[in-house]
>>> print(open('structure25.cif').read())   # mmCIF, C-alpha atoms
data_input
#
loop_
_atom_site.label_atom_id
_atom_site.label_comp_id
_atom_site.auth_asym_id
_atom_site.auth_seq_id
_atom_site.Cartn_x
_atom_site.Cartn_y
_atom_site.Cartn_z
CA MET A 1 -119.36 98.86 -5.21
CA LYS A 2 -121.13 101.93 -6.52
CA ILE A 3 -124.39 103.07 -4.89
CA LEU A 4 -126.83 105.86 -5.64
CA LEU A 5 -129.28 107.25 -3.08
CA PHE A 6 -132.07 109.27 -4.62
CA GLY A 7 -135.55 110.58 -3.91
CA ALA A 8 -137.26 113.88 -3.32
CA SER A 9 -135.50 116.81 -1.74
CA GLY A 10 -135.68 116.37 2.03
CA SER A 11 -136.21 112.60 1.96
CA GLY A 12 -132.97 111.84 3.81
CA LYS A 13 -130.51 110.99 1.02
CA THR A 14 -127.56 113.00 2.31
CA THR A 15 -128.12 111.93 5.91
CA LEU A 16 -128.13 108.27 4.86
CA GLY A 17 -125.09 108.74 2.62
CA LYS A 18 -123.08 110.32 5.42
CA GLU A 19 -124.07 107.55 7.81
CA ILE A 20 -123.06 104.83 5.34
CA GLU A 21 -119.69 106.57 4.93
CA LYS A 22 -119.28 106.77 8.70
CA ARG A 23 -119.92 103.04 9.21
CA THR A 24 -118.15 101.57 6.17
CA ASN A 25 -115.27 102.04 3.76
CA PHE A 26 -117.55 103.87 1.30
CA VAL A 27 -116.80 107.43 0.23
CA HIS A 28 -119.87 109.67 0.20
CA LEU A 29 -120.31 112.16 -2.64
CA ASP A 30 -123.18 114.63 -2.52
CA ALA A 31 -124.44 115.47 -6.03
CA ASP A 32 -125.29 119.00 -4.87
CA ASP A 33 -121.56 119.67 -4.36
CA TYR A 34 -121.05 119.02 -8.08
CA TYR A 35 -124.30 120.59 -9.31
CA TRP A 36 -124.18 124.04 -7.68
CA LYS A 37 -121.53 126.75 -7.80
CA ARG A 38 -120.42 128.12 -4.45
CA THR A 39 -121.98 131.58 -4.47
CA LYS A 40 -123.04 134.23 -2.00
CA TYR A 41 -126.58 132.88 -2.31
CA PRO A 42 -126.21 129.07 -2.27
CA PHE A 43 -128.06 126.84 -4.74
CA THR A 44 -128.69 129.61 -7.27
CA GLU A 45 -126.10 128.98 -10.02
CA LYS A 46 -125.66 125.60 -11.70
CA ILE A 47 -122.32 124.20 -12.81
CA PRO A 48 -122.48 123.31 -16.53
CA LEU A 49 -123.35 119.66 -17.13
CA ALA A 50 -120.07 118.70 -18.83
CA LEU A 51 -117.94 120.15 -16.03
CA ARG A 52 -120.19 118.69 -13.33
CA ASN A 53 -119.94 115.24 -14.92
CA LYS A 54 -116.17 115.51 -15.35
CA ARG A 55 -115.68 116.36 -11.68
CA ILE A 56 -118.02 113.75 -10.23
CA THR A 57 -116.77 111.05 -12.62
CA THR A 58 -113.19 111.67 -11.47
CA ASP A 59 -114.15 111.21 -7.81
CA PHE A 60 -116.49 108.33 -8.64
CA LYS A 61 -113.76 106.38 -10.46
CA LYS A 62 -110.93 107.00 -8.01
CA ASN A 63 -112.79 105.25 -5.18
CA LYS A 64 -113.64 101.55 -5.16
CA ASN A 65 -116.69 102.00 -2.92
CA VAL A 66 -118.78 105.10 -3.51
CA VAL A 67 -122.22 106.21 -2.40
CA ILE A 68 -123.67 109.24 -4.19
CA SER A 69 -126.63 111.07 -2.71
CA GLY A 70 -128.74 112.96 -5.22
CA SER A 71 -130.73 112.54 -8.37
CA MET A 72 -128.66 111.73 -11.47
CA LEU A 73 -131.60 111.45 -13.88
CA THR A 74 -130.61 114.37 -16.07
CA TRP A 75 -126.85 113.97 -15.84
CA GLY A 76 -126.53 111.60 -18.82
CA LYS A 77 -127.45 108.11 -19.89
CA GLU A 78 -124.12 106.71 -18.64
CA TRP A 79 -125.40 107.02 -15.07
CA LYS A 80 -128.17 104.48 -15.76
CA THR A 81 -125.55 101.72 -15.84
CA ALA A 82 -122.97 103.12 -13.41
CA PHE A 83 -124.36 101.68 -10.17
CA ASP A 84 -124.47 98.27 -8.53
CA LEU A 85 -127.25 99.37 -6.20
CA VAL A 86 -129.76 102.21 -6.38
CA ILE A 87 -131.69 103.15 -3.26
CA PHE A 88 -134.90 105.11 -3.69
CA ILE A 89 -136.01 106.93 -0.54
CA ARG A 90 -139.68 107.85 -0.38
CA LEU A 91 -141.09 110.16 2.26
CA GLU A 92 -144.67 111.38 2.62
CA ASN A 93 -144.94 114.93 1.31
CA ASN A 94 -146.16 116.70 4.47
CA GLU A 95 -143.34 115.25 6.57
CA ARG A 96 -140.80 116.02 3.87
CA MET A 97 -141.93 119.63 3.61
CA LYS A 98 -141.70 120.00 7.42
CA ARG A 99 -138.11 118.75 7.23
CA LEU A 100 -137.29 121.15 4.41
CA GLN A 101 -138.78 124.14 6.22
CA LYS A 102 -136.77 123.26 9.32
CA ARG A 103 -133.62 122.84 7.22
CA GLU A 104 -134.12 126.22 5.56
CA ILE A 105 -134.36 127.88 9.00
CA GLU A 106 -131.22 126.07 10.20
CA ARG A 107 -129.33 126.84 6.99
CA TYR A 108 -130.10 130.55 6.74
CA ARG A 109 -130.93 131.51 10.34
CA ASP A 110 -131.29 135.32 10.65
CA LYS A 111 -130.80 135.86 6.91
CA LEU A 112 -134.16 134.19 6.38
CA LEU A 113 -135.76 136.91 8.49
CA GLU A 114 -133.69 139.88 7.36
CA ASP A 115 -132.58 139.37 3.76
CA GLU A 116 -135.23 139.68 1.03
CA LYS A 117 -133.16 137.77 -1.55
CA THR A 118 -132.70 134.85 0.86
CA GLN A 119 -136.43 134.88 1.61
CA GLN A 120 -137.23 134.80 -2.11
CA ILE A 121 -134.77 131.98 -2.82
CA SER A 122 -136.10 129.92 0.09
CA LYS A 123 -139.73 130.47 -0.89
CA GLU A 124 -139.06 129.50 -4.52
CA TYR A 125 -137.14 126.41 -3.44
CA LEU A 126 -139.90 125.24 -1.10
CA ASN A 127 -142.53 125.83 -3.80
CA TRP A 128 -140.41 123.82 -6.26
CA ALA A 129 -139.87 120.98 -3.75
CA ASN A 130 -143.59 120.84 -2.96
CA GLN A 131 -144.32 119.96 -6.62
CA TYR A 132 -142.59 116.56 -6.35
CA GLU A 133 -145.81 114.54 -6.26
CA ASN A 134 -147.54 116.59 -8.97
CA PRO A 135 -147.75 114.19 -11.96
CA ASN A 136 -147.65 117.14 -14.40
CA PHE A 137 -144.54 118.73 -12.89
CA LYS A 138 -141.62 118.72 -15.33
CA GLY A 139 -138.86 119.03 -12.71
CA SER A 140 -137.62 116.42 -10.26
CA SER A 141 -140.78 114.43 -9.57
CA LEU A 142 -142.10 111.15 -8.27
CA THR A 143 -143.28 110.29 -11.79
CA ALA A 144 -139.81 110.92 -13.27
CA HIS A 145 -138.16 108.91 -10.50
CA HIS A 146 -140.47 105.93 -11.05
CA GLU A 147 -139.77 106.03 -14.79
CA TRP A 148 -136.02 106.17 -14.17
CA ILE A 149 -136.20 103.18 -11.82
CA LYS A 150 -137.80 101.14 -14.63
CA SER A 151 -134.83 101.90 -16.90
CA LEU A 152 -132.14 100.72 -14.46
CA ASN A 153 -130.34 97.40 -14.81
CA CYS A 154 -129.21 96.98 -11.21
CA LYS A 155 -130.69 96.12 -7.83
CA VAL A 156 -133.13 98.80 -6.63
CA LEU A 157 -133.93 99.02 -2.93
CA LYS A 158 -136.93 101.09 -1.89
CA ILE A 159 -136.72 102.71 1.55
CA ASP A 160 -139.38 104.43 3.65
CA GLY A 161 -137.93 107.77 4.75
CA MET A 162 -139.88 107.60 8.03
CA VAL A 163 -137.98 104.52 9.22
CA GLU A 164 -135.43 105.30 11.94
CA LEU A 165 -131.96 105.98 10.47
CA ASN A 166 -130.18 103.12 12.26
CA ASN A 167 -132.72 100.60 10.97
CA THR A 168 -132.39 101.97 7.45
CA VAL A 169 -128.59 101.80 7.59
CA GLU A 170 -128.75 98.19 8.79
CA LYS A 171 -131.06 97.29 5.90
CA VAL A 172 -128.70 98.96 3.42
CA LEU A 173 -125.61 97.28 4.92
CA THR A 174 -127.32 93.89 4.72
CA THR A 175 -128.18 94.53 1.08
CA ILE A 176 -124.58 95.58 0.34
CA LYS A 177 -123.27 92.44 2.04
CA ASN A 178 -125.65 90.21 0.07
CA LEU A 179 -124.70 91.86 -3.23
CA SER A 180 -121.00 91.46 -2.39
CA LEU A 181 -121.21 87.71 -1.74
CA PRO A 182 -119.88 85.53 -4.54
CA SER A 183 -122.58 83.80 -6.57
CA PRO A 184 -122.97 80.11 -5.82
CA THR A 185 -121.62 77.90 -8.57
CA THR A 186 -123.64 75.03 -9.91
#
>>> encode(input="structure25.cif", output="structure tokens")
Amino acid sequence: MKILLFGASGSGKTTLGKEIEKRTNFVHLDADDYYWKRTKYPFTEKIPLALRNKRITTDFKKNKNVVISGSMLTWGKEWKTAFDLVIFIRLENNERMKRLQKREIERYRDKLLEDEKTQQISKEYLNWANQYENPNFKGSSLTAHHEWIKSLNCKVLKIDGMVELNNTVEKVLTTIKNLSLPSPTT
């Protein structure tokens, strides 16, 4: 089974993906690992689309059960039909931004206080992430995510990002189990 977890930055996609991997035979792939080059300043240089798709497709195909965390909207039309289940995680913006600010502090620690480039990158990222609910924003946005959901031909599960992780995992595992059951014959 192939699953995609997506939603705004800071909604809990990666956390949920890792937890599903921990409790099942699914392999978790984080789209960020394929999207960004490993550089001195993380998340500043993108991997070209063709190479990114080649790498993630290889890992996607070599595993029977895969859960990808991250938005695949702009990665190519083939991803619209690649999944058996898509899980959209929605989290209220103020809570999401609190999570992101905390994550930036944990990620960069003293560099966030001492390094001007790190400060600039973090500030730009948080400003970008805060635009998610802006209907006129052309980047990763709630509007774009809703439109993408309409174009999918698989089961879509909508999750509230405020729900406790264990409860969310149980809901996802139940959905996986139900999708895996053979269809009744008539």
>>> atom_distance(input="structure25.cif", atom1="atom CA of A:Gly12", atom2="atom CA of A:Thr39")
24.1 Å
>>> residues_near_point(input="structure25.cif", point="(-116.1, 112.8, -11.9)", cutoff="12 Å", atoms="only C-alpha atoms", output="number ranges by chain")
A: 29-31, 33-35, 49-63, 66, 68, 75, 79, 82
>>> residues_around(input="structure25.cif", residues="A:Leu91", least_positions_apart="5", cutoff="10 Å", atoms="all atoms listed in the file", output="PyMOL selection string")
chain A and resi 7-12+96-97+159-163
>>> atom_distance(input="structure25.cif", atom1="atom CA of A:Glu133", atom2="atom CA of A:Ile105")
23.3 Å
>>> closest_residue(input="structure25.cif", among="A:Ile121, A:Arg103, A:Lys77, A:Lys158", to="A:Arg90", atoms="only C-alpha atoms")
A:Lys158
>>> atom_distance(input="structure25.cif", atom1="atom CA of A:Gly70", atom2="atom CA of A:Leu5")
6.1 Å
>>> closest_atom_pairs(input="structure25.cif", of="stretch 45-114 of chain A", to="stretch 164-184 of chain A", cutoff="10 Å", atoms="only C-alpha atoms", output="CSV")
residue,atom,partner,partner_atom,distance
A:Asp84,CA,A:Leu179,CA,8.3
A:Leu85,CA,A:Ile176,CA,8.0
A:Ile87,CA,A:Val172,CA,8.4
>>> write_last_selection(input="structure25.cif", atoms="C-alpha atoms", output="short mmCIF file (atom, residue, chain, number, x, y, z; two decimals), in the coordinates of the input")
data_model
loop_
_atom_site.label_atom_id
_atom_site.label_comp_id
_atom_site.auth_asym_id
_atom_site.auth_seq_id
_atom_site.Cartn_x
_atom_site.Cartn_y
_atom_site.Cartn_z
CA ASP A 84 -124.47 98.27 -8.53
CA LEU A 85 -127.25 99.37 -6.20
CA ILE A 87 -131.69 103.15 -3.26
#
>>> closest_residue(input="structure25.cif", among="A:Lys40, A:Thr14, A:Leu73, A:Pro48", to="A:His146", atoms="all atoms listed in the file")
A:Leu73
>>> resolve_selection(input="structure25.cif", expression="the PyMOL selection byres ((chain A and resi 67) around 8)", output="number ranges by chain")
A: 2-5, 17, 20-21, 26-29, 65-66, 68-69
>>> residues_around(input="structure25.cif", residues="A:Gln120", least_positions_apart="6", cutoff="12 Å", atoms="all atoms listed in the file", output="list in words")
Tyr41, Thr44, Glu104, Lys111, Leu112, Leu113, Glu114, Leu126 and Asn127 of chain A
>>> closest_residue(input="structure25.cif", among="A:Thr74, A:Lys80, A:Thr15, A:Thr24", to="A:Ser151", atoms="all atoms listed in the file")
A:Lys80
>>> resolve_selection(input="structure25.cif", expression="the PyMOL selection byres ((chain A and resi 37) around 6)", output="list in words")
Trp36, Arg38, Thr39, Glu45, Lys46 and Ile47 of chain A
>>> axis_aligned_box(input="structure25.cif", around="stretch 37-54 of chain A", padding_each_side="4 Å", output="AutoDock Vina command-line options")
--center_x -122.4 --center_y 124.7 --center_z -10.4 --size_x 20.5 --size_y 27.0 --size_z 24.8
>>> closest_residue(input="structure25.cif", among="A:Tyr125, A:Ser141, A:Lys150, A:Asp115", to="A:Asn93", atoms="all atoms listed in the file")
A:Ser141
>>> closest_residue(input="structure25.cif", among="A:Lys155, A:Asn130, A:Asp32, A:Asp110", to="A:Ser71", atoms="only C-alpha atoms")
A:Asp32
>>> closest_residue(input="structure25.cif", among="A:Phe43, A:Phe88, A:Met1, A:Leu100", to="A:Leu157", atoms="all atoms listed in the file")
A:Phe88
